[in-house]
file query.json (JSON, C-alpha atoms)
[["chain", "number", "residue", "atom", "x", "y", "z"],
["A", 23, "ILE", "CA", 48.87, 5.78, -1.94],
["A", 24, "GLU", "CA", 46.03, 4.32, -3.99],
["A", 25, "ARG", "CA", 47.06, 0.82, -2.90],
["A", 26, "ILE", "CA", 47.02, 1.89, 0.77],
["A", 27, "THR", "CA", 43.64, 3.57, 0.35],
["A", 28, "SER", "CA", 42.22, 0.52, -1.38],
["A", 29, "SER", "CA", 43.58, -1.79, 1.35],
["A", 30, "SER", "CA", 42.11, 0.46, 4.06],
["A", 31, "GLY", "CA", 38.75, 0.51, 2.30],
["A", 32, "LEU", "CA", 38.69, -3.28, 2.03],
["A", 33, "ARG", "CA", 39.57, -3.59, 5.70],
["A", 34, "TRP", "CA", 36.73, -1.28, 6.78],
["A", 35, "ALA", "CA", 34.34, -3.06, 4.42],
["A", 36, "ALA", "CA", 35.30, -6.39, 6.00],
["A", 37, "ILE", "CA", 34.78, -4.95, 9.49],
["A", 38, "GLY", "CA", 31.38, -3.59, 8.45],
["A", 39, "ALA", "CA", 30.38, -6.96, 6.99],
["A", 40, "ILE", "CA", 31.42, -8.76, 10.18],
["A", 41, "LEU", "CA", 29.47, -6.31, 12.35],
["A", 42, "SER", "CA", 26.40, -6.62, 10.12],
["A", 43, "LEU", "CA", 26.61, -10.42, 10.23],
["A", 44, "SER", "CA", 27.01, -10.34, 14.02],
["A", 45, "ALA", "CA", 23.99, -8.05, 14.38],
["A", 46, "ALA", "CA", 21.93, -10.30, 12.11],
["A", 47, "ILE", "CA", 22.88, -13.38, 14.14],
["A", 48, "LYS", "CA", 22.01, -11.62, 17.40],
["A", 49, "THR", "CA", 18.69, -10.40, 15.99],
["A", 50, "GLN", "CA", 17.86, -13.90, 14.78],
["A", 51, "ALA", "CA", 18.73, -15.31, 18.21],
["A", 52, "ILE", "CA", 16.53, -12.72, 19.94],
["A", 53, "ILE", "CA", 13.62, -13.48, 17.59],
["A", 54, "GLY", "CA", 14.08, -17.21, 18.13],
["A", 55, "SER", "CA", 14.15, -16.79, 21.92],
["A", 56, "THR", "CA", 11.06, -14.57, 21.80],
["A", 57, "LEU", "CA", 9.13, -17.09, 19.69],
["A", 58, "ARG", "CA", 10.11, -19.93, 22.03],
["A", 59, "LEU", "CA", 8.97, -17.87, 25.02],
["A", 60, "ILE", "CA", 5.64, -17.09, 23.35],
["A", 61, "SER", "CA", 5.19, -20.75, 22.48],
["A", 62, "THR", "CA", 5.93, -21.80, 26.06],
["A", 63, "ILE", "CA", 3.51, -19.24, 27.51],
["A", 64, "SER", "CA", 0.80, -20.23, 25.01],
["A", 65, "SER", "CA", 1.21, -23.92, 25.83],
["A", 66, "TRP", "CA", 1.06, -23.15, 29.55],
["A", 67, "TYR", "CA", -2.06, -20.99, 29.13],
["A", 68, "LEU", "CA", -3.87, -23.61, 27.04],
["A", 69, "THR", "CA", -3.01, -26.21, 29.67],
["A", 70, "ARG", "CA", -4.44, -23.97, 32.39],
["A", 71, "LEU", "CA", -7.60, -23.54, 30.30],
["A", 72, "GLU", "CA", -8.01, -27.30, 30.19],
["A", 73, "ILE", "CA", -7.39, -27.74, 33.92],
["A", 74, "ALA", "CA", -9.28, -24.71, 35.31],
["A", 75, "PRO", "CA", -11.09, -22.83, 32.51],
["A", 76, "LEU", "CA", -13.20, -20.50, 34.65],
["A", 77, "LEU", "CA", -10.42, -19.50, 37.03],
["A", 78, "THR", "CA", -7.95, -18.95, 34.18],
["A", 79, "LYS", "CA", -10.38, -16.74, 32.26],
["A", 80, "CYS", "CA", -11.28, -14.76, 35.38],
["A", 81, "ILE", "CA", -7.67, -14.02, 36.31],
["A", 82, "THR", "CA", -6.75, -13.11, 32.73],
["A", 83, "GLY", "CA", -9.78, -10.84, 32.36],
["A", 84, "ALA", "CA", -9.08, -9.16, 35.70],
["A", 85, "ILE", "CA", -5.49, -8.35, 34.72],
["A", 86, "ILE", "CA", -6.65, -6.88, 31.41],
["A", 87, "ALA", "CA", -9.30, -4.82, 33.24],
["A", 88, "LEU", "CA", -6.64, -3.50, 35.61],
["A", 89, "ILE", "CA", -4.50, -2.43, 32.65],
["A", 90, "GLY", "CA", -7.49, -0.79, 30.95],
["A", 91, "ASP", "CA", -8.37, 1.18, 34.08],
["A", 92, "TYR", "CA", -4.74, 2.27, 34.43],
["A", 93, "GLY", "CA", -4.92, 3.64, 30.89],
["A", 94, "ALA", "CA", -8.15, 5.46, 31.76],
["A", 95, "GLN", "CA", -6.57, 7.05, 34.84],
["A", 96, "TRP", "CA", -3.53, 8.08, 32.83],
["A", 97, "PHE", "CA", -5.78, 9.71, 30.23],
["A", 98, "GLU", "CA", -7.75, 11.45, 33.00],
["A", 99, "TYR", "CA", -4.51, 12.88, 34.41],
["A", 100, "LYS", "CA", -3.36, 14.10, 30.98],
["A", 101, "SER", "CA", -6.76, 15.63, 30.21],
["A", 102, "LEU", "CA", -7.01, 17.39, 33.58],
["A", 103, "ARG", "CA", -3.45, 18.67, 33.32],
["A", 104, "SER", "CA", -4.09, 19.92, 29.79],
["A", 105, "ARG", "CA", -7.19, 21.83, 30.91],
["A", 106, "ARG", "CA", -5.37, 23.37, 33.86],
["A", 107, "LEU", "CA", -2.41, 24.34, 31.70],
["A", 108, "SER", "CA", -4.75, 26.04, 29.25],
["A", 109, "LYS", "CA", -6.11, 28.08, 32.16],
["A", 110, "GLY", "CA", -2.66, 28.77, 33.57],
["A", 111, "ALA", "CA", -3.52, 26.95, 36.78],
["A", 112, "VAL", "CA", -0.77, 24.34, 36.78],
["A", 113, "SER", "CA", 2.91, 24.74, 37.45],
["A", 114, "SER", "CA", 5.75, 22.55, 38.58],
["A", 115, "SER", "CA", 5.14, 23.77, 42.14],
["A", 116, "ASN", "CA", 1.97, 21.71, 42.37],
["A", 117, "HIS", "CA", 3.96, 18.69, 43.57],
["A", 118, "ASP", "CA", 5.80, 18.89, 46.83],
["A", 119, "ALA", "CA", 8.89, 16.97, 47.88],
["A", 120, "GLY", "CA", 6.74, 14.17, 49.25],
["A", 121, "ALA", "CA", 5.05, 13.79, 45.88],
["A", 122, "ASP", "CA", 8.45, 13.76, 44.18],
["A", 123, "ALA", "CA", 9.64, 11.00, 46.50],
["A", 124, "HIS", "CA", 6.37, 9.18, 45.88],
["A", 125, "ARG", "CA", 7.00, 9.32, 42.15],
["A", 126, "MET", "CA", 10.58, 8.19, 42.61],
["A", 127, "PHE", "CA", 9.60, 4.99, 44.41],
["A", 128, "ARG", "CA", 6.39, 4.39, 42.46],
["A", 129, "PRO", "CA", 7.13, 4.99, 38.80],
["A", 130, "PHE", "CA", 3.66, 3.81, 37.77],
["A", 131, "SER", "CA", 1.77, 6.18, 40.07],
["A", 132, "ILE", "CA", 0.94, 8.63, 37.24],
["A", 133, "HIS", "CA", 2.68, 11.51, 39.03],
["A", 134, "GLY", "CA", 1.13, 10.54, 42.34],
["A", 135, "THR", "CA", -2.47, 10.60, 41.05],
["A", 136, "TYR", "CA", -3.08, 6.88, 40.49],
["A", 137, "ASN", "CA", -6.10, 5.66, 42.47],
["A", 138, "PHE", "CA", -4.94, 2.25, 43.65],
["A", 139, "ARG", "CA", -8.26, 1.41, 45.30],
["A", 140, "ARG", "CA", -10.12, 2.12, 42.06],
["A", 141, "GLY", "CA", -7.74, -0.16, 40.14],
["A", 142, "VAL", "CA", -8.22, -2.97, 42.66],
["A", 143, "ALA", "CA", -12.00, -2.46, 42.49],
["A", 144, "ARG", "CA", -11.95, -2.81, 38.70],
["A", 145, "PHE", "CA", -9.73, -5.90, 39.04],
["A", 146, "LEU", "CA", -12.08, -7.55, 41.54],
["A", 147, "GLU", "CA", -15.21, -6.65, 39.60],
["A", 148, "CYS", "CA", -13.89, -8.36, 36.49],
["A", 149, "LEU", "CA", -12.49, -11.28, 38.48],
["A", 150, "LEU", "CA", -15.70, -12.00, 40.40],
["A", 151, "ILE", "CA", -18.49, -10.71, 38.13],
["A", 152, "SER", "CA", -17.73, -9.81, 34.51],
["A", 153, "SER", "CA", -15.44, -12.70, 33.58],
["A", 154, "PRO", "CA", -17.74, -15.42, 35.03],
["A", 155, "ILE", "CA", -20.68, -13.85, 33.16],
["A", 156, "MET", "CA", -18.64, -13.88, 29.94],
["A", 157, "HIS", "CA", -17.59, -17.50, 30.52],
["A", 158, "TYR", "CA", -21.12, -18.82, 31.01],
["A", 159, "GLY", "CA", -22.66, -16.36, 28.54],
["A", 160, "TYR", "CA", -20.40, -17.40, 25.67],
["A", 161, "ASP", "CA", -21.02, -21.06, 26.44],
["A", 162, "TYR", "CA", -24.76, -20.37, 26.35],
["A", 163, "PHE", "CA", -24.47, -18.49, 23.03],
["A", 164, "GLU", "CA", -22.60, -21.45, 21.57],
["A", 165, "ARG", "CA", -25.25, -23.91, 22.75],
["A", 166, "ILE", "CA", -28.24, -22.06, 21.32],
["A", 167, "MET", "CA", -26.48, -21.02, 18.07],
["A", 168, "PRO", "CA", -23.25, -22.96, 17.58],
["A", 169, "VAL", "CA", -20.47, -21.47, 15.49],
["A", 170, "VAL", "CA", -18.36, -24.63, 15.54],
["A", 171, "GLY", "CA", -19.44, -27.37, 13.16],
["A", 172, "GLY", "CA", -21.76, -25.42, 10.88],
["A", 173, "ALA", "CA", -21.46, -24.38, 7.25],
["A", 174, "GLY", "CA", -19.45, -21.31, 6.28],
["A", 175, "ILE", "CA", -22.34, -18.86, 5.85],
["A", 176, "TYR", "CA", -24.16, -20.15, 8.92],
["A", 177, "ARG", "CA", -20.99, -19.90, 11.05],
["A", 178, "SER", "CA", -20.51, -16.29, 10.00],
["A", 179, "PHE", "CA", -24.14, -15.47, 10.79],
["A", 180, "ALA", "CA", -23.90, -17.23, 14.17],
["A", 181, "ALA", "CA", -20.66, -15.38, 15.01],
["A", 182, "LEU", "CA", -22.28, -12.05, 14.10],
["A", 183, "THR", "CA", -25.25, -12.92, 16.31],
["A", 184, "HIS", "CA", -22.90, -13.67, 19.21],
["A", 185, "VAL", "CA", -21.15, -10.33, 18.75],
["A", 186, "ILE", "CA", -24.44, -8.41, 18.71],
["A", 187, "ALA", "CA", -25.71, -10.26, 21.79],
["A", 188, "ASP", "CA", -22.44, -9.56, 23.56],
["A", 189, "SER", "CA", -22.47, -5.86, 22.65],
["A", 190, "VAL", "CA", -26.17, -5.27, 23.44],
["A", 191, "PHE", "CA", -27.00, -7.54, 26.37],
["A", 192, "LEU", "CA", -23.75, -8.39, 28.13],
["A", 193, "ASP", "CA", -22.21, -4.93, 27.80],
["A", 194, "GLY", "CA", -25.32, -3.39, 29.39],
["A", 195, "ILE", "CA", -24.85, -5.74, 32.35],
["A", 196, "PHE", "CA", -21.11, -5.02, 32.53],
["A", 197, "VAL", "CA", -21.68, -1.25, 32.60],
["A", 198, "PHE", "CA", -24.20, -1.65, 35.43],
["A", 199, "THR", "CA", -22.05, -4.00, 37.51],
["A", 200, "GLY", "CA", -18.96, -1.90, 36.79],
["A", 201, "ILE", "CA", -20.53, 1.27, 38.16],
["A", 202, "VAL", "CA", -22.20, -0.35, 41.18],
["A", 203, "ALA", "CA", -19.57, -2.90, 42.19],
["A", 204, "THR", "CA", -16.55, -0.65, 41.73],
["A", 205, "GLY", "CA", -18.34, 2.20, 43.53],
["A", 206, "LEU", "CA", -18.99, -0.02, 46.54],
["A", 207, "MET", "CA", -15.47, -1.48, 46.46],
["A", 208, "GLU", "CA", -14.03, 2.03, 46.35],
["A", 209, "GLY", "CA", -15.77, 2.67, 49.68],
["A", 210, "HIS", "CA", -18.67, 4.86, 48.57],
["A", 211, "SER", "CA", -22.12, 4.78, 50.18],
["A", 212, "LEU", "CA", -24.75, 2.90, 48.19],
["A", 213, "LYS", "CA", -27.61, 5.36, 48.87],
["A", 214, "LYS", "CA", -25.64, 8.61, 48.98],
["A", 215, "HIS", "CA", -23.23, 8.11, 46.09],
["A", 216, "VAL", "CA", -23.45, 4.86, 44.13],
["A", 217, "LEU", "CA", -27.15, 4.89, 43.18],
["A", 218, "PRO", "CA", -27.27, 8.65, 42.38],
["A", 219, "ASN", "CA", -24.10, 8.26, 40.35],
["A", 220, "LEU", "CA", -25.63, 5.27, 38.55],
["A", 221, "ARG", "CA", -28.64, 7.37, 37.55],
["A", 222, "ASN", "CA", -26.39, 10.18, 36.33],
["A", 223, "ILE", "CA", -23.85, 8.27, 34.29],
["A", 224, "TYR", "CA", -25.34, 4.90, 33.31],
["A", 225, "LEU", "CA", -26.81, 6.08, 30.00],
["A", 226, "PRO", "CA", -23.74, 8.16, 28.96],
["A", 227, "THR", "CA", -21.48, 5.24, 29.87],
["A", 228, "LEU", "CA", -23.71, 2.77, 28.02],
["A", 229, "LYS", "CA", -23.64, 5.06, 24.98],
["A", 230, "ALA", "CA", -19.84, 5.17, 25.08],
["A", 231, "SER", "CA", -19.84, 1.39, 25.49],
["A", 232, "VAL", "CA", -22.05, 0.84, 22.43],
["A", 233, "MET", "CA", -19.97, 3.22, 20.31],
["A", 234, "THR", "CA", -16.72, 1.54, 21.36],
["A", 235, "SER", "CA", -18.15, -1.94, 20.82],
["A", 236, "GLY", "CA", -19.30, -0.88, 17.36],
["A", 237, "ALA", "CA", -15.80, 0.27, 16.48],
["A", 238, "LEU", "CA", -14.32, -2.98, 17.80],
["A", 239, "MET", "CA", -17.00, -5.22, 16.27],
["A", 240, "PRO", "CA", -14.86, -6.47, 13.32],
["A", 241, "LEU", "CA", -12.21, -7.78, 15.72],
["A", 242, "GLN", "CA", -14.84, -9.34, 17.95],
["A", 243, "PHE", "CA", -16.43, -10.98, 14.92],
["A", 244, "LEU", "CA", -13.11, -12.59, 14.03],
["A", 245, "SER", "CA", -12.80, -13.85, 17.61],
["A", 246, "PHE", "CA", -16.24, -15.50, 17.60],
["A", 247, "ARG", "CA", -15.92, -16.75, 14.03],
["A", 248, "PHE", "CA", -12.53, -18.44, 14.09],
["A", 249, "LEU", "CA", -11.57, -19.13, 17.72],
["A", 250, "PRO", "CA", -12.78, -22.04, 19.87],
["A", 251, "VAL", "CA", -15.07, -21.24, 22.78],
["A", 252, "GLN", "CA", -12.34, -21.59, 25.42],
["A", 253, "LEU", "CA", -10.24, -18.83, 23.82],
["A", 254, "ARG", "CA", -13.01, -16.32, 23.16],
["A", 255, "VAL", "CA", -13.01, -14.75, 26.63],
["A", 256, "LEU", "CA", -9.26, -14.10, 26.36],
["A", 257, "SER", "CA", -9.55, -12.70, 22.85],
["A", 258, "VAL", "CA", -12.54, -10.49, 23.61],
["A", 259, "ASN", "CA", -10.90, -9.26, 26.82],
["A", 260, "ALA", "CA", -7.80, -8.33, 24.85],
["A", 261, "VAL", "CA", -9.92, -6.51, 22.27],
["A", 262, "ASP", "CA", -11.96, -4.93, 25.06],
["A", 263, "LEU", "CA", -8.86, -3.42, 26.64],
["A", 264, "ILE", "CA", -9.90, -0.22, 24.84],
["A", 265, "TRP", "CA", -13.53, -0.74, 25.85],
["A", 266, "THR", "CA", -12.54, -1.13, 29.51],
["A", 267, "GLY", "CA", -10.50, 2.06, 29.40],
["A", 268, "VAL", "CA", -13.32, 4.04, 27.77],
["A", 269, "VAL", "CA", -15.99, 2.74, 30.16],
["A", 270, "SER", "CA", -13.80, 3.30, 33.21],
["A", 271, "PHE", "CA", -13.01, 6.84, 32.07],
["A", 272, "VAL", "CA", -16.63, 7.80, 31.32],
["A", 273, "SER", "CA", -18.00, 6.19, 34.49],
["A", 274, "HIS", "CA", -15.52, 8.17, 36.62],
["A", 275, "SER", "CA", -15.66, 11.45, 34.74],
["A", 276, "GLY", "CA", -19.02, 12.61, 36.04],
["A", 277, "GLY", "CA", -21.45, 12.33, 38.93],
["A", 278, "ASP", "CA", -20.95, 12.74, 42.63],
["A", 279, "ILE", "CA", -18.58, 9.85, 43.25],
["A", 280, "GLU", "CA", -15.59, 11.46, 41.69],
["A", 281, "GLY", "CA", -16.18, 14.71, 43.47],
["A", 282, "SER", "CA", -16.57, 13.06, 46.85],
["A", 283, "HIS", "CA", -13.53, 10.93, 46.27],
["A", 284, "SER", "CA", -11.31, 13.90, 45.49]]
call {"tool": "encode", "arguments": {"input": "query.json", "output": "structure tokens"}}
result
Amino acid sequence: IERITSSSGLRWAAIGAILSLSAAIKTQAIIGSTLRLISTISSWYLTRLEIAPLLTKCITGAIIALIGDYGAQWFEYKSLRSRRLSKGAVSSSNHDAGADAHRMFRPFSIHGTYNFRRGVARFLECLLISSPIMHYGYDYFERIMPVVGGAGIYRSFAALTHVIADSVFLDGIFVFTGIVATGLMEGHSLKKHVLPNLRNIYLPTLKASVMTSGALMPLQFLSFRFLPVQLRVLSVNAVDLIWTGVVSFVSHSGGDIEGSHS
């Protein structure tokens, strides 16, 4: 009996070792494939930056802005639903069969509440306004106070100066253009809704922008300090994914635009 038990144990141990080895080989293959894919995409992106730097940066920034706004709309839905639940004003009967079908065929519609026009407006604003300003602005920063080619301490000081200029000057412009341009692209009247809304929410949105930029400043510093100029827009846009979400949320959480739109 002991011999049979020992033989059975060895057999199961061998099976377990084979399965573990197979899983390790598959994991290694998946990691290798993923790294090759990342390398291919990176090489393609760097090539596009060489061929068409402005267009590549604009499209990349616009996609990131679209994702950031989607996150803001998702957070708005969760916040509104949480408030209504706390008041006992929400139940599963709020969505009719049409909404259920809508959710079935559009899984990214945030339970039928996603504002597609607002997302497109944010995409176009970044594509046509914000990203070109970042492209030329970062080039101008580099010309007047170059990070590349200087000594270590000077490069760090120059990078910090770029970050402060970006957070103070460019972000103020981006908040303004974001509110005005997206309001117009969403179909709102300039005199009746966009300008009054700008007066109501510009300062609160700018405050949220400065606070978010301050929290993200270490990452932005690393981007300006160690990356070449052609990669800074991509890096800052990736870091500013949170910034975009916060600014989009704050700029749509108050004022008359949101009320008229609903």
call {"tool": "closest_residue", "arguments": {"input": "query.json", "among": "A:Lys109, A:Lys214, A:Arg139, A:Arg144", "to": "Ser273 of chain A", "atoms": "all atoms listed in the file"}}
result
A:Arg144
call {"tool": "closest_residue", "arguments": {"input": "query.json", "among": "A:Lys79, A:Arg140, A:Arg254, A:Arg247", "to": "Pro168 of chain A", "atoms": "only C-alpha atoms"}}
result
A:Arg247
call {"tool": "residues_around", "arguments": {"input": "query.json", "residues": "Ser275 of chain A", "least_positions_apart": "6", "cutoff": "12 Å", "atoms": "all atoms listed in the file", "output": "PDB file with C-alpha atoms, in the frame of the given file"}}
result
ATOM      1  CA  ALA A  94      -8.150   5.460  31.760  1.00  0.00           C
ATOM      2  CA  GLN A  95      -6.570   7.050  34.840  1.00  0.00           C
ATOM      3  CA  PHE A  97      -5.780   9.710  30.230  1.00  0.00           C
ATOM      4  CA  GLU A  98      -7.750  11.450  33.000  1.00  0.00           C
ATOM      5  CA  TYR A  99      -4.510  12.880  34.410  1.00  0.00           C
ATOM      6  CA  SER A 101      -6.760  15.630  30.210  1.00  0.00           C
ATOM      7  CA  LEU A 102      -7.010  17.390  33.580  1.00  0.00           C
ATOM      8  CA  ILE A 201     -20.530   1.270  38.160  1.00  0.00           C
ATOM      9  CA  ASN A 219     -24.100   8.260  40.350  1.00  0.00           C
ATOM     10  CA  ASN A 222     -26.390  10.180  36.330  1.00  0.00           C
ATOM     11  CA  ILE A 223     -23.850   8.270  34.290  1.00  0.00           C
ATOM     12  CA  TYR A 224     -25.340   4.900  33.310  1.00  0.00           C
ATOM     13  CA  PRO A 226     -23.740   8.160  28.960  1.00  0.00           C
ATOM     14  CA  THR A 227     -21.480   5.240  29.870  1.00  0.00           C
ATOM     15  CA  GLY A 267     -10.500   2.060  29.400  1.00  0.00           C
ATOM     16  CA  VAL A 268     -13.320   4.040  27.770  1.00  0.00           C
ATOM     17  CA  VAL A 269     -15.990   2.740  30.160  1.00  0.00           C
ATOM     18  CA  GLY A 281     -16.180  14.710  43.470  1.00  0.00           C
ATOM     19  CA  HIS A 283     -13.530  10.930  46.270  1.00  0.00           C
ATOM     20  CA  SER A 284     -11.310  13.900  45.490  1.00  0.00           C
TER      21      SER A 284
END
call {"tool": "atom_distance", "arguments": {"input": "query.json", "atom1": "atom CA of Leu263 of chain A", "atom2": "atom CA of Ser61 of chain A"}}
result
22.7 Å
call {"tool": "atom_distance", "arguments": {"input": "query.json", "atom1": "atom CA of Leu220 of chain A", "atom2": "atom CA of Phe198 of chain A"}}
result
7.7 Å
call {"tool": "closest_residue", "arguments": {"input": "query.json", "among": "A:Gln252, A:Thr135, A:Thr183, A:Ser189", "to": "Glu72 of chain A", "atoms": "all atoms listed in the file"}}
result
A:Gln252
call {"tool": "atom_distance", "arguments": {"input": "query.json", "atom1": "atom CA of His215 of chain A", "atom2": "atom CA of Leu149 of chain A"}}
result
23.4 Å
call {"tool": "residues_around", "arguments": {"input": "query.json", "residues": "Pro154 of chain A", "least_positions_apart": "3", "cutoff": "8 Å", "atoms": "all atoms listed in the file", "output": "PyMOL selection string"}}
result
chain A and resi 76+79-80+149-151+157-158
call {"tool": "closest_residue", "arguments": {"input": "query.json", "among": "A:Ile86, A:Val170, A:Ile60, A:Leu225", "to": "Trp265 of chain A", "atoms": "only C-alpha atoms"}}
result
A:Ile86
call {"tool": "axis_aligned_box", "arguments": {"input": "query.json", "around": "segment 191-203 of chain A", "padding_each_side": "6 Å", "output": "JSON"}}
result
{"center_x": -23.0, "center_y": -3.6, "center_z": 34.3, "size_x": 20.0, "size_y": 21.7, "size_z": 27.8}
call {"tool": "residues_around", "arguments": {"input": "query.json", "residues": "Ala187 of chain A", "least_positions_apart": "3", "cutoff": "12 Å", "atoms": "all atoms listed in the file", "output": "VMD selection string"}}
result
chain A and resid 156 159 to 160 162 to 164 167 180 to 184 190 to 195 232 235 239 242 to 243 246
call {"tool": "decode", "arguments": {"input": "query.json", "residues": "segment 162-235 of chain A", "atoms": "C-alpha atoms", "output": "PDB file, in the first residue's frame"}}
result
ATOM      1  CA  TYR A 162       9.345  77.902 -27.391  1.00  0.00           C
ATOM      2  CA  PHE A 163      10.176  76.957 -23.777  1.00  0.00           C
ATOM      3  CA  GLU A 164      13.077  74.867 -25.039  1.00  0.00           C
ATOM      4  CA  ARG A 165      14.414  77.710 -27.179  1.00  0.00           C
ATOM      5  CA  ILE A 166      14.408  80.351 -24.453  1.00  0.00           C
ATOM      6  CA  MET A 167      15.616  77.989 -21.681  1.00  0.00           C
ATOM      7  CA  PRO A 168      16.952  74.744 -23.130  1.00  0.00           C
ATOM      8  CA  VAL A 169      16.923  71.602 -21.021  1.00  0.00           C
ATOM      9  CA  VAL A 170      18.918  69.561 -23.529  1.00  0.00           C
ATOM     10  CA  GLY A 171      22.655  70.180 -23.558  1.00  0.00           C
ATOM     11  CA  GLY A 172      23.061  72.000 -20.260  1.00  0.00           C
ATOM     12  CA  ALA A 173      24.718  70.996 -16.996  1.00  0.00           C
ATOM     13  CA  GLY A 174      22.878  68.821 -14.492  1.00  0.00           C
ATOM     14  CA  ILE A 175      21.749  71.551 -12.086  1.00  0.00           C
ATOM     15  CA  TYR A 176      20.848  73.945 -14.896  1.00  0.00           C
ATOM     16  CA  ARG A 177      18.835  71.240 -16.706  1.00  0.00           C
ATOM     17  CA  SER A 178      16.853  70.537 -13.553  1.00  0.00           C
ATOM     18  CA  PHE A 179      16.187  74.249 -13.027  1.00  0.00           C
ATOM     19  CA  ALA A 180      15.159  74.676 -16.674  1.00  0.00           C
ATOM     20  CA  ALA A 181      12.837  71.652 -16.478  1.00  0.00           C
ATOM     21  CA  LEU A 182      11.229  73.037 -13.313  1.00  0.00           C
ATOM     22  CA  THR A 183      10.749  76.390 -15.052  1.00  0.00           C
ATOM     23  CA  HIS A 184       9.049  74.644 -17.976  1.00  0.00           C
ATOM     24  CA  VAL A 185       6.699  72.818 -15.617  1.00  0.00           C
ATOM     25  CA  ILE A 186       5.744  76.022 -13.790  1.00  0.00           C
ATOM     26  CA  ALA A 187       5.181  77.873 -17.070  1.00  0.00           C
ATOM     27  CA  ASP A 188       3.061  75.007 -18.327  1.00  0.00           C
ATOM     28  CA  SER A 189       0.987  74.835 -15.138  1.00  0.00           C
ATOM     29  CA  VAL A 190       0.497  78.609 -14.754  1.00  0.00           C
ATOM     30  CA  PHE A 191       0.278  80.009 -18.285  1.00  0.00           C
ATOM     31  CA  LEU A 192      -0.705  77.168 -20.597  1.00  0.00           C
ATOM     32  CA  ASP A 193      -3.194  75.570 -18.209  1.00  0.00           C
ATOM     33  CA  GLY A 194      -4.988  78.912 -17.843  1.00  0.00           C
ATOM     34  CA  ILE A 195      -5.333  79.037 -21.631  1.00  0.00           C
ATOM     35  CA  PHE A 196      -6.453  75.405 -21.804  1.00  0.00           C
ATOM     36  CA  VAL A 197      -9.168  75.942 -19.190  1.00  0.00           C
ATOM     37  CA  PHE A 198     -10.467  78.971 -21.114  1.00  0.00           C
ATOM     38  CA  THR A 199     -10.431  77.278 -24.524  1.00  0.00           C
ATOM     39  CA  GLY A 200     -11.871  74.094 -23.021  1.00  0.00           C
ATOM     40  CA  ILE A 201     -14.901  75.876 -21.598  1.00  0.00           C
ATOM     41  CA  VAL A 202     -15.545  78.108 -24.615  1.00  0.00           C
ATOM     42  CA  ALA A 203     -14.703  75.741 -27.464  1.00  0.00           C
ATOM     43  CA  THR A 204     -16.411  72.673 -26.041  1.00  0.00           C
ATOM     44  CA  GLY A 205     -19.472  74.751 -25.107  1.00  0.00           C
ATOM     45  CA  LEU A 206     -19.801  75.988 -28.681  1.00  0.00           C
ATOM     46  CA  MET A 207     -19.130  72.533 -30.138  1.00  0.00           C
ATOM     47  CA  GLU A 208     -21.795  71.077 -27.862  1.00  0.00           C
ATOM     48  CA  GLY A 209     -24.282  73.417 -29.546  1.00  0.00           C
ATOM     49  CA  HIS A 210     -24.763  76.040 -26.835  1.00  0.00           C
ATOM     50  CA  SER A 211     -25.352  79.729 -27.529  1.00  0.00           C
ATOM     51  CA  LEU A 212     -22.305  81.945 -27.021  1.00  0.00           C
ATOM     52  CA  LYS A 213     -24.190  84.855 -25.400  1.00  0.00           C
ATOM     53  CA  LYS A 214     -26.885  82.925 -23.539  1.00  0.00           C
ATOM     54  CA  HIS A 215     -24.881  80.007 -22.171  1.00  0.00           C
ATOM     55  CA  VAL A 216     -21.160  79.869 -22.970  1.00  0.00           C
ATOM     56  CA  LEU A 217     -20.073  83.312 -21.733  1.00  0.00           C
ATOM     57  CA  PRO A 218     -22.259  83.247 -18.566  1.00  0.00           C
ATOM     58  CA  ASN A 219     -21.006  79.745 -17.847  1.00  0.00           C
ATOM     59  CA  LEU A 220     -17.420  80.925 -18.390  1.00  0.00           C
ATOM     60  CA  ARG A 221     -17.898  83.673 -15.800  1.00  0.00           C
ATOM     61  CA  ASN A 222     -19.406  81.210 -13.329  1.00  0.00           C
ATOM     62  CA  ILE A 223     -16.969  78.331 -13.557  1.00  0.00           C
ATOM     63  CA  TYR A 224     -13.662  79.632 -14.947  1.00  0.00           C
ATOM     64  CA  LEU A 225     -12.102  80.424 -11.565  1.00  0.00           C
ATOM     65  CA  PRO A 226     -13.306  77.200  -9.844  1.00  0.00           C
ATOM     66  CA  THR A 227     -12.086  75.179 -12.824  1.00  0.00           C
ATOM     67  CA  LEU A 228      -8.761  77.027 -12.872  1.00  0.00           C
ATOM     68  CA  LYS A 229      -8.386  76.352  -9.144  1.00  0.00           C
ATOM     69  CA  ALA A 230      -9.017  72.646  -9.693  1.00  0.00           C
ATOM     70  CA  SER A 231      -6.540  72.754 -12.580  1.00  0.00           C
ATOM     71  CA  VAL A 232      -3.796  74.328 -10.446  1.00  0.00           C
ATOM     72  CA  MET A 233      -4.362  71.859  -7.608  1.00  0.00           C
ATOM     73  CA  THR A 234      -4.261  68.886  -9.981  1.00  0.00           C
ATOM     74  CA  SER A 235      -1.183  70.211 -11.770  1.00  0.00           C
TER      75      SER A 235
END
